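Raw contents of data.txt, compact mmCIF, C-alpha atoms and all ligand atoms:
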# COMPACT_ATOMS: atom_id res chain seq x y z
CA MET R 1 -17.00 47.81 -17.91
CA ARG R 2 -17.04 46.14 -14.50
CA ARG R 3 -20.46 44.92 -13.38
CA THR R 4 -21.94 46.21 -10.15
CA GLU R 5 -22.50 43.94 -7.15
CA SER R 6 -26.24 43.57 -7.92
CA GLU R 7 -25.54 42.79 -11.58
CA ARG R 8 -23.05 40.12 -10.59
CA PHE R 9 -25.19 38.83 -7.77
CA PRO R 10 -28.98 39.04 -8.16
CA ILE R 11 -31.00 40.33 -5.24
CA GLY R 12 -34.72 40.50 -4.37
CA ASP R 13 -37.05 38.76 -6.86
CA ALA R 14 -34.21 38.05 -9.27
CA ARG R 15 -32.39 36.19 -6.49
CA LYS R 16 -35.55 34.22 -5.62
CA LYS R 17 -35.86 33.13 -9.25
CA ASP R 18 -32.16 32.30 -9.39
CA ILE R 19 -32.46 30.11 -6.29
CA GLU R 20 -35.57 28.36 -7.62
CA ASP R 21 -33.78 27.62 -10.92
CA ARG R 22 -30.81 26.23 -8.99
CA ARG R 23 -33.05 24.14 -6.79
CA ARG R 24 -34.75 22.63 -9.84
CA GLY R 25 -31.43 22.10 -11.62
CA SER R 26 -29.89 20.42 -8.58
CA ALA R 27 -32.93 18.20 -8.08
CA ARG R 28 -32.27 16.66 -11.50
CA LEU R 29 -28.65 15.82 -10.73
CA GLY R 30 -29.44 12.71 -8.70
CA SER R 31 -31.05 10.99 -11.68
CA VAL R 32 -28.25 11.60 -14.15
CA PRO R 33 -27.09 8.25 -15.58
CA GLU R 34 -23.68 7.04 -14.40
CA PHE R 35 -22.19 7.11 -17.94
CA LEU R 36 -22.91 10.85 -18.14
CA VAL R 37 -21.28 11.40 -14.77
CA ARG R 38 -18.17 9.67 -16.11
CA LEU R 39 -18.34 11.48 -19.42
CA TYR R 40 -18.59 14.95 -17.94
CA GLY R 41 -16.92 14.29 -14.60
CA TYR R 42 -18.50 17.39 -13.09
CA TYR R 43 -21.67 19.04 -12.05
CA THR R 44 -23.66 15.91 -11.98
CA TRP R 45 -22.41 15.41 -8.45
CA ILE R 46 -24.94 15.22 -5.75
CA ASN R 47 -24.41 13.60 -2.38
CA SER R 48 -20.82 12.64 -3.19
CA PRO R 49 -18.71 10.58 -0.80
CA LEU R 50 -15.30 11.75 0.42
CA ASP R 51 -13.37 8.77 -0.92
CA LYS R 52 -13.48 6.93 -4.20
CA ARG R 53 -15.38 3.68 -4.13
CA ARG R 54 -13.79 2.64 -7.40
CA PRO R 55 -10.62 4.04 -8.99
CA GLU R 56 -12.57 5.71 -11.81
CA ASP R 57 -15.01 7.43 -9.44
CA ALA R 58 -15.16 11.04 -10.67
CA SER R 59 -17.51 12.45 -8.09
CA ALA R 60 -15.59 11.63 -4.89
CA MET R 61 -14.53 14.71 -2.97
CA ILE R 62 -10.96 13.48 -2.71
CA ASN R 63 -10.62 14.33 -6.40
CA THR R 64 -11.08 17.97 -5.37
CA PHE R 65 -9.22 17.95 -2.06
CA GLU R 66 -6.31 15.54 -2.53
CA ARG R 67 -4.01 18.45 -3.39
CA VAL R 68 -4.63 20.06 0.02
CA LEU R 69 -3.88 16.84 1.87
CA PRO R 70 -0.36 15.77 2.81
CA LYS R 71 1.34 14.08 -0.15
CA GLY R 72 0.45 10.42 -0.52
CA THR R 73 -2.83 10.63 1.47
CA GLU R 74 -5.20 8.23 -0.21
CA SER R 75 -8.25 8.54 2.00
CA MET R 76 -9.97 11.65 3.31
CA VAL R 77 -11.87 9.52 5.80
CA ALA R 78 -8.65 8.08 7.24
CA TYR R 79 -7.00 11.50 7.30
CA ILE R 80 -9.93 13.17 9.07
CA GLU R 81 -10.40 10.41 11.62
CA ASP R 82 -6.70 10.31 12.36
CA GLU R 83 -6.63 14.08 12.93
CA PHE R 84 -9.36 13.61 15.55
CA LYS R 85 -7.90 10.52 17.20
CA ASP R 86 -7.27 12.36 20.49
CA GLU R 87 -10.74 13.91 20.68
CA GLU R 88 -12.82 11.90 23.10
CA ASP R 89 -16.19 13.56 22.69
CA PRO R 90 -18.39 12.54 19.77
CA LEU R 91 -17.67 14.74 16.78
CA THR R 92 -20.03 16.78 14.65
CA PHE R 93 -19.76 17.62 10.97
CA ALA R 94 -21.70 19.52 8.34
CA GLU R 95 -21.63 19.43 4.61
CA LEU R 96 -22.59 22.89 3.37
CA GLY R 97 -24.10 22.86 -0.11
CA GLY R 98 -24.85 19.17 -0.09
CA ASN R 99 -26.97 16.75 1.88
CA GLY R 100 -24.01 15.05 3.56
CA SER R 101 -25.64 11.61 3.68
CA ALA R 102 -22.91 9.82 1.72
CA ILE R 103 -20.24 11.30 3.99
CA ALA R 104 -22.15 10.33 7.13
CA ALA R 105 -22.38 6.79 5.73
CA GLU R 106 -18.67 6.35 5.10
CA LEU R 107 -17.32 7.70 8.40
CA THR R 108 -16.69 5.12 11.12
CA PRO R 109 -20.01 4.47 12.85
CA GLY R 110 -20.28 6.33 16.14
CA ARG R 111 -17.22 8.51 15.57
CA PHE R 112 -19.42 11.43 14.62
CA GLY R 113 -22.30 11.63 17.08
CA GLU R 114 -24.38 13.86 14.85
CA SER R 115 -24.07 15.42 11.44
CA TYR R 116 -25.78 17.83 9.08
CA GLY R 117 -26.27 18.52 5.43
CA VAL R 118 -27.36 22.04 4.55
CA ASP R 119 -28.67 22.45 1.04
CA LEU R 120 -31.13 24.32 -1.12
CA LEU R 121 -32.79 20.99 -1.88
CA GLY R 122 -33.15 19.75 1.68
CA LYS R 123 -34.08 16.22 0.64
CA LYS R 124 -36.01 14.00 3.04
CA ARG R 125 -33.93 12.06 5.56
CA SER R 126 -33.62 8.36 4.87
CA LYS R 127 -33.94 5.65 7.51
CA ALA R 128 -30.16 5.28 7.39
CA ASP R 129 -29.73 9.04 7.96
CA LYS R 130 -31.94 8.80 11.03
CA MET R 131 -30.02 5.84 12.39
CA ARG R 132 -26.79 7.79 12.01
CA ASN R 133 -28.28 10.89 13.60
CA HIS R 134 -27.71 12.72 10.33
CA HIS R 135 -29.94 15.74 9.74
CA ILE R 136 -30.72 17.56 6.53
CA LEU R 137 -31.61 21.22 6.64
CA ARG R 138 -33.14 22.97 3.69
CA GLY R 139 -31.76 26.45 3.35
CA ASP R 140 -29.85 29.01 1.34
CA LEU R 141 -26.29 29.33 2.61
CA LEU R 142 -26.36 33.00 1.81
CA LEU R 143 -29.13 33.75 4.27
CA PRO R 144 -28.48 34.34 7.99
CA LYS R 145 -31.67 32.44 8.90
CA THR R 146 -30.11 29.22 7.53
CA TYR R 147 -27.31 29.53 10.09
CA ASP R 148 -29.80 30.40 12.84
CA GLN R 149 -31.49 27.10 12.02
CA LEU R 150 -28.17 25.22 12.06
CA ARG R 151 -27.04 26.84 15.31
CA GLY R 152 -30.44 26.05 16.81
CA SER R 153 -30.00 22.38 15.91
CA LEU R 154 -26.43 22.34 17.25
CA LYS R 155 -27.65 23.66 20.62
CA GLY R 156 -24.43 25.47 21.46
CA LYS R 157 -22.10 22.82 20.04
CA LYS R 158 -19.59 23.70 17.34
CA LEU R 159 -18.63 21.75 14.25
CA ASN R 160 -15.46 19.69 14.16
CA LEU R 161 -15.59 19.34 10.40
CA ILE R 162 -17.04 21.42 7.58
CA ILE R 163 -17.01 20.29 3.96
CA GLU R 164 -18.13 22.50 1.09
CA ARG R 165 -17.76 21.44 -2.51
CA MET R 166 -20.51 23.02 -4.54
CA GLY R 167 -19.14 22.29 -7.97
CA ARG R 168 -19.06 25.81 -9.26
CA GLY R 169 -17.47 26.98 -6.03
CA MET R 170 -19.79 29.10 -3.99
CA GLU R 171 -21.96 28.91 -6.99
CA ALA R 172 -24.67 31.27 -5.88
CA SER R 173 -22.19 34.10 -5.44
CA PRO R 174 -19.53 33.30 -7.98
CA ASP R 175 -17.80 36.64 -8.15
CA SER R 176 -18.83 38.57 -5.09
CA VAL R 177 -15.75 38.95 -2.91
CA LYS R 178 -17.78 40.45 -0.10
CA THR R 179 -20.27 37.57 -0.04
CA ALA R 180 -17.58 34.91 -0.20
CA ALA R 181 -15.65 36.55 2.64
CA ALA R 182 -18.78 36.83 4.76
CA LEU R 183 -19.56 33.15 4.19
CA LEU R 184 -16.06 32.05 5.18
CA GLN R 185 -16.25 34.18 8.29
CA VAL R 186 -19.53 32.53 9.34
CA TRP R 187 -18.18 29.04 8.65
CA TYR R 188 -15.01 29.73 10.63
CA GLY R 189 -17.19 30.92 13.51
CA LEU R 190 -19.04 27.59 13.46
CA LEU R 191 -15.81 25.60 13.81
CA ALA R 192 -14.79 24.08 17.12
CA ASP R 193 -11.28 24.27 18.54
CA ASN R 194 -9.14 22.00 16.40
CA GLY R 195 -11.94 21.88 13.86
CA MET R 196 -11.12 21.74 10.18
CA MET R 197 -12.72 22.74 6.95
CA PHE R 198 -12.31 21.63 3.37
CA VAL R 199 -13.64 24.36 1.10
CA GLN R 200 -13.84 24.83 -2.63
CA ILE R 201 -13.79 28.43 -3.81
CA PRO R 202 -14.16 29.90 -7.30
CA THR R 203 -10.98 29.99 -9.39
CA LYS R 204 -11.48 33.69 -9.97
CA PHE R 205 -10.32 34.22 -6.39
CA ASN R 206 -6.96 32.52 -7.07
CA VAL R 207 -4.79 35.62 -6.68
CA LEU R 208 -6.66 36.63 -3.54
CA LEU R 209 -6.25 33.13 -2.12
CA LEU R 210 -2.52 33.23 -2.81
CA LYS R 211 -2.13 36.53 -0.93
CA TRP R 212 -4.46 35.46 1.86
CA ALA R 213 -2.45 32.26 2.34
CA ASP R 214 0.68 34.41 2.72
CA LEU R 215 -1.04 36.59 5.30
CA LEU R 216 -2.18 33.55 7.31
CA LYS R 217 1.22 31.90 7.11
CA GLN R 218 3.14 35.00 8.12
CA HIS R 219 0.99 36.08 11.03
CA TYR R 220 -1.05 33.08 12.14
CA GLY R 221 1.00 30.09 11.03
CA ASP R 222 1.21 28.66 14.54
CA THR R 223 -2.55 28.58 15.16
CA ILE R 224 -4.10 28.27 11.71
CA GLU R 225 -2.97 25.38 9.57
CA PHE R 226 -3.67 26.26 5.96
CA ARG R 227 -3.04 24.48 2.70
CA TYR R 228 -4.44 25.42 -0.67
CA THR R 229 -4.45 24.47 -4.30
CA LEU R 230 -5.02 26.79 -7.23
CA GLY R 231 -7.17 25.41 -10.00
CA THR R 232 -8.29 26.43 -13.44
CA MET R 233 -11.85 25.09 -13.66
CA ASP R 234 -14.57 25.41 -11.03
CA MET R 235 -16.50 22.45 -12.29
CA ARG R 236 -13.80 19.84 -12.77
CA ALA R 237 -12.73 18.08 -9.60
CA GLY R 238 -9.03 17.69 -10.39
CA SER R 239 -8.72 21.35 -11.40
CA GLN R 240 -10.65 23.18 -8.72
CA THR R 241 -9.39 25.83 -6.33
CA ALA R 242 -9.72 24.67 -2.75
CA PHE R 243 -8.26 25.03 0.71
CA TYR R 244 -7.92 23.16 3.96
CA LEU R 245 -7.99 25.13 7.20
CA LYS R 246 -7.49 23.83 10.72
CA LYS R 247 -8.37 26.16 13.58
CA LYS R 248 -5.88 25.10 16.21
CA THR R 249 -6.04 25.95 19.89
CA GLY R 250 -5.30 29.65 20.34
CA ALA R 251 -6.45 30.60 16.82
CA PRO R 252 -8.08 34.03 16.52
CA GLU R 253 -11.80 34.19 17.17
CA HIS R 254 -12.42 35.78 13.77
CA LEU R 255 -10.88 34.59 10.54
CA PRO R 256 -8.10 37.02 9.63
CA MET R 257 -8.79 38.46 6.17
CA PHE R 258 -8.09 41.49 4.05
CA ASP R 259 -10.59 44.30 4.40
CA ALA R 260 -13.27 44.30 1.67
CA LYS R 261 -11.71 47.15 -0.32
CA THR R 262 -8.28 45.54 -0.43
CA ALA R 263 -9.78 42.16 -1.35
CA GLU R 264 -11.84 43.71 -4.18
CA SER R 265 -8.79 45.50 -5.53
CA ILE R 266 -6.82 42.24 -5.56
CA VAL R 267 -9.54 40.36 -7.48
CA TYR R 268 -10.39 43.29 -9.77
CA PRO R 269 -7.13 45.24 -10.12
CA ASN R 270 -8.53 47.34 -12.97
CA GLY R 271 -11.52 48.51 -10.93
C1 LIG Z 1 -23.04 20.24 -7.82
S1 LIG Z 1 -23.94 19.99 -6.35
C2 LIG Z 1 -22.68 19.36 -5.28
C3 LIG Z 1 -23.26 18.59 -4.14
C4 LIG Z 1 -22.26 17.97 -3.18
N1 LIG Z 1 -21.52 19.00 -2.47
C5 LIG Z 1 -21.31 17.06 -3.91
O1 LIG Z 1 -20.14 17.40 -4.07
O2 LIG Z 1 -21.78 16.01 -4.34
C6 LIG Z 1 -24.15 21.66 -5.74
C7 LIG Z 1 -25.05 21.68 -4.53
O3 LIG Z 1 -24.99 22.97 -3.94
C8 LIG Z 1 -26.29 23.32 -3.51
N2 LIG Z 1 -26.35 24.78 -3.45
C9 LIG Z 1 -26.07 25.66 -4.42
N3 LIG Z 1 -26.22 26.93 -3.99
C10 LIG Z 1 -26.61 26.83 -2.70
C11 LIG Z 1 -26.97 27.78 -1.71
N4 LIG Z 1 -26.92 29.08 -1.95
N5 LIG Z 1 -27.33 27.32 -0.49
C12 LIG Z 1 -27.40 26.00 -0.23
N6 LIG Z 1 -27.07 25.06 -1.13
C13 LIG Z 1 -26.69 25.46 -2.35
C14 LIG Z 1 -27.21 22.70 -4.56
O4 LIG Z 1 -28.53 22.54 -4.08
C15 LIG Z 1 -26.50 21.37 -4.82
O5 LIG Z 1 -26.95 20.36 -3.96
Write out the structure in this file as C-alpha cells.
Ligand SMILES: C[S@@+](CC[C@H](N)C(=O)[O-])C[C@H]1O[C@@H](n2cnc3c(N)ncnc32)[C@H](O)[C@@H]1O
Amino acid sequence: MRRTESERFPIGDARKKDIEDRRRGSARLGSVPEFLVRLYGYYTWINSPLDKRRPEDASAMINTFERVLPKGTESMVAYIEDEFKDEEDPLTFAELGGNGSAIAAELTPGRFGESYGVDLLGKKRSKADKMRNHHILRGDLLLPKTYDQLRGSLKGKKLNLIIERMGRGMEASPDSVKTAAALLQVWYGLLADNGMMFVQIPTKFNVLLLKWADLLKQHYGDTIEFRYTLGTMDMRAGSQTAFYLKKKTGAPEHLPMFDAKTAESIVYPNG
C-alpha cells in the first residue's frame, strides 16, 4: 500500500530527530579517509569542488553534471565562467546542501563578488572563506526561515548560480513530489536573469522529469534552457538524475510545472 505523505516524510518531532541524525551523519563525512571515498565513490562527499583535481577524483561535481553540459565540456568552472562572460557586475552563487567553500575557492578570484553555502551543518567560515566573501548559513532547506535568512544576506540581490548535489538527491524529502516541487520553485525564484542552476534530483522522479522537460521544451524553450540526464542511483555520481536550467531574459516569473495532483499521478501511477 502507498505510504502517506507524513509516513514518507517525517514531520514534527520525528522530523527534528531525522534532521539531527542527518546533521551528525554529515558531520562525520569530512573525516572519512580518502581510500574509502575512492572505494565507495559516493556519500562521503562533503564540500566537493566542481572540477576534478585528479582524473580519479570521485567526489567532483562534474561527475554528476557532465551529462547536462554540452558534449566535450571538461570543466564546469570554465563552462560557468564562459556563460557569464558578458555580465559585468560581480556574480553571486550559492551551494544549497553543502558549504560551498571548495567551489568558492576554485572560481576565478573576484569573478563572484560574494557566495553562500547553505547546509544543515553550517560549519564555521575559514579565513579563506572570509577573504573570498564566502558565507556559510546553517539551515534546513525545507524551512522557509532558511530562505528568509539567505534573502536577508543577499539584500535584494539574486543568485547567478545555484548548485545542489546532496548525494541522495533532495535527501531530506526523497519521495515527496510536493516538497521537491516547492523547493525548485523557491530556488528558481532566487535566480537572477540569465542565472543558472545545476540540480540533482532523486531518480524516482525520472518519469516526471522526462515529462516536465517536454513541457518546458514545448512551451518555454526560447526562455528556459533545460538539459537533463536520467540516472539509476541517487548516490553514485556517474548515475545520478540531474538537470541544468538557465533562466533566460523573458523567462516566466514562476517555474512552469505540473499541478501537484498531475505530478503525483505521474510518479505514483498506481495511486
Ligand atoms: C552527501 S553531502 C554532499 C555535500 C556537497 N553538496 C557535496 O557534493 O560535496 C549532503 C549534504 O546535504 C546536507 N543536507 C541534507 N539535507 C539537508 C537539508 N534539509 N537542508 C540543508 N542541508 C541538507 C548535509 O548536511 C550534507 O552537507
For ligand LIG 1 (chain Z), which of R:Lys157, R:Lys130, R:Arg227, R:Arg138 is the closest residue, counting all atoms listed in the file?
-> R:Arg138
Counting only C-alpha atoms, which residues of segment 124-186 of chain R fall within 7 Å of segment 91-107 of chain R, and what is the closest atom pair for each with its distance in Å at one decimal, ordered by chain and rising number, as JSON lines?
{"residue": "R:Asp129", "atom": "CA", "partner": "R:Ser101", "partner_atom": "CA", "distance": 6.5}
{"residue": "R:His134", "atom": "CA", "partner": "R:Ala104", "partner_atom": "CA", "distance": 6.8}
{"residue": "R:Ile136", "atom": "CA", "partner": "R:Asn99", "partner_atom": "CA", "distance": 6.0}
{"residue": "R:Leu159", "atom": "CA", "partner": "R:Thr92", "partner_atom": "CA", "distance": 5.2}
{"residue": "R:Asn160", "atom": "CA", "partner": "R:Thr92", "partner_atom": "CA", "distance": 5.4}
{"residue": "R:Leu161", "atom": "CA", "partner": "R:Phe93", "partner_atom": "CA", "distance": 4.5}
{"residue": "R:Ile162", "atom": "CA", "partner": "R:Ala94", "partner_atom": "CA", "distance": 5.1}
{"residue": "R:Ile163", "atom": "CA", "partner": "R:Glu95", "partner_atom": "CA", "distance": 4.7}
{"residue": "R:Glu164", "atom": "CA", "partner": "R:Leu96", "partner_atom": "CA", "distance": 5.0}
{"residue": "R:Arg165", "atom": "CA", "partner": "R:Gly97", "partner_atom": "CA", "distance": 6.9}
{"residue": "R:Met166", "atom": "CA", "partner": "R:Gly97", "partner_atom": "CA", "distance": 5.7}
Counting all atoms listed in the file, what is within 9 Å of Met257 of chain R, bar same-chain residues fewer than 4 positions away, as number ranges by chain?
-> R: 181, 185, 212, 215-216, 263
Write a file of the just-selected residues containing C-alpha atoms, as a PDB file, in the coordinates of the input.
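Result file part_31.pdb:
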ATOM      1  CA  ALA R 181     -15.650  36.550   2.640  1.00  0.00           C
ATOM      2  CA  GLN R 185     -16.250  34.180   8.290  1.00  0.00           C
ATOM      3  CA  TRP R 212      -4.460  35.460   1.860  1.00  0.00           C
ATOM      4  CA  LEU R 215      -1.040  36.590   5.300  1.00  0.00           C
ATOM      5  CA  LEU R 216      -2.180  33.550   7.310  1.00  0.00           C
ATOM      6  CA  ALA R 263      -9.780  42.160  -1.350  1.00  0.00           C
TER       7      ALA R 263
END
Quick one: distance from atom CA of Ala78 of chain R to atom CA of Leu50 of chain R in Å, one decimal?
->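 Atom CA of Ala78 of chain R sits 10.2 Å away from atom CA of Leu50 of chain R.
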Skipping near chain neighbours, those fewer than 3 positions away, what residues fall within 12 Å of Gly156 of chain R using only C-alpha atoms, listed as a list in words?
->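 Close residues of Gly156 of chain R: Thr92, Asp148, Gln149, Leu150, Arg151, Gly152, Ser153, Leu159, Leu190, Leu191 and Ala192 of chain R.
Between atom CA of Pro70 of chain R and atom O5 of ligand LIG 1 (chain Z) the separation is 27.8 Å.
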May I ask which of the residues R:Ser265, R:Gly122, R:Gly110, R:Asn194 is the closest one to Arg24 of chain R, counting all atoms listed in the file?
->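 Ranking R:Ser265, R:Gly122, R:Gly110, R:Asn194 by distance to Arg24 of chain R, first place goes to R:Gly122.
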Nearest to ligand LIG 1 (chain Z), chosen from R:Asp119, R:Asp214, R:Asp51, R:Asp57, with all atoms listed in the file counted in the distances = R:Asp119
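Residue nearest ligand LIG 1 (chain Z) within the list R:Ile224, R:Val68, R:Ala128, R:Met235: R:Met235 [criterion: smallest interatomic distance, all atoms listed in the file].
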Give me, as a tab-separated table, the closest atom pair and its distance (Å, one decimal) for every residue of segment 38-105 of chain R within a cut-off of 12 Å of segment 244-250 of chain R, counting only C-alpha atoms, rows sorted by chain and rising number.
residue	atom	partner	partner_atom	distance
R:Thr64	CA	R:Tyr244	CA	11.1
R:Phe65	CA	R:Tyr244	CA	8.1
R:Glu66	CA	R:Tyr244	CA	10.1
R:Arg67	CA	R:Tyr244	CA	9.6
R:Val68	CA	R:Tyr244	CA	6.0
R:Leu69	CA	R:Tyr244	CA	7.8
R:Pro70	CA	R:Tyr244	CA	10.6
R:Met76	CA	R:Tyr244	CA	11.7
R:Ile80	CA	R:Lys246	CA	11.1
R:Glu83	CA	R:Lys246	CA	10.0
R:Phe84	CA	R:Lys246	CA	11.5
Of the residues R:Gly189, R:Gly139, R:Gly271, R:Gly72, which is the one nearest to ligand LIG 1 (chain Z), using all atoms listed in the file?
->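 Closest to ligand LIG 1 (chain Z), using all atoms listed in the file: R:Gly139.
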What is the atom CA of His219 of chain R to atom CA of Gln200 of chain R distance in Å?
->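 Between these atoms lies a distance of 23.1 Å.
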Best match for closeness to ligand LIG 1 (chain Z) among R:Met233, R:Ile201, R:Leu120, R:Ala60, counting all atoms listed in the file |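 Closest candidate: R:Leu120.
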Taking all listed atoms of ligand LIG 1 (chain Z), build the axis-aligned box, pad each of the six sides by 3 Å, then write its centre and edge lengths in Å to one decimal as AutoDock Vina command-line options.
--center_x -24.3 --center_y 22.5 --center_z -4.0 --size_x 14.4 --size_y 19.1 --size_z 13.6
Who sits within 9 Å of Gly231 of chain R, all atoms listed in the file, same chain under 4 positions skipped, as a list of chain:residue names |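 Non-adjacent residues within range: R:Pro202, R:Thr203, R:Asn206, R:Gly238, R:Ser239, R:Gln240, R:Thr241, R:Ala242.
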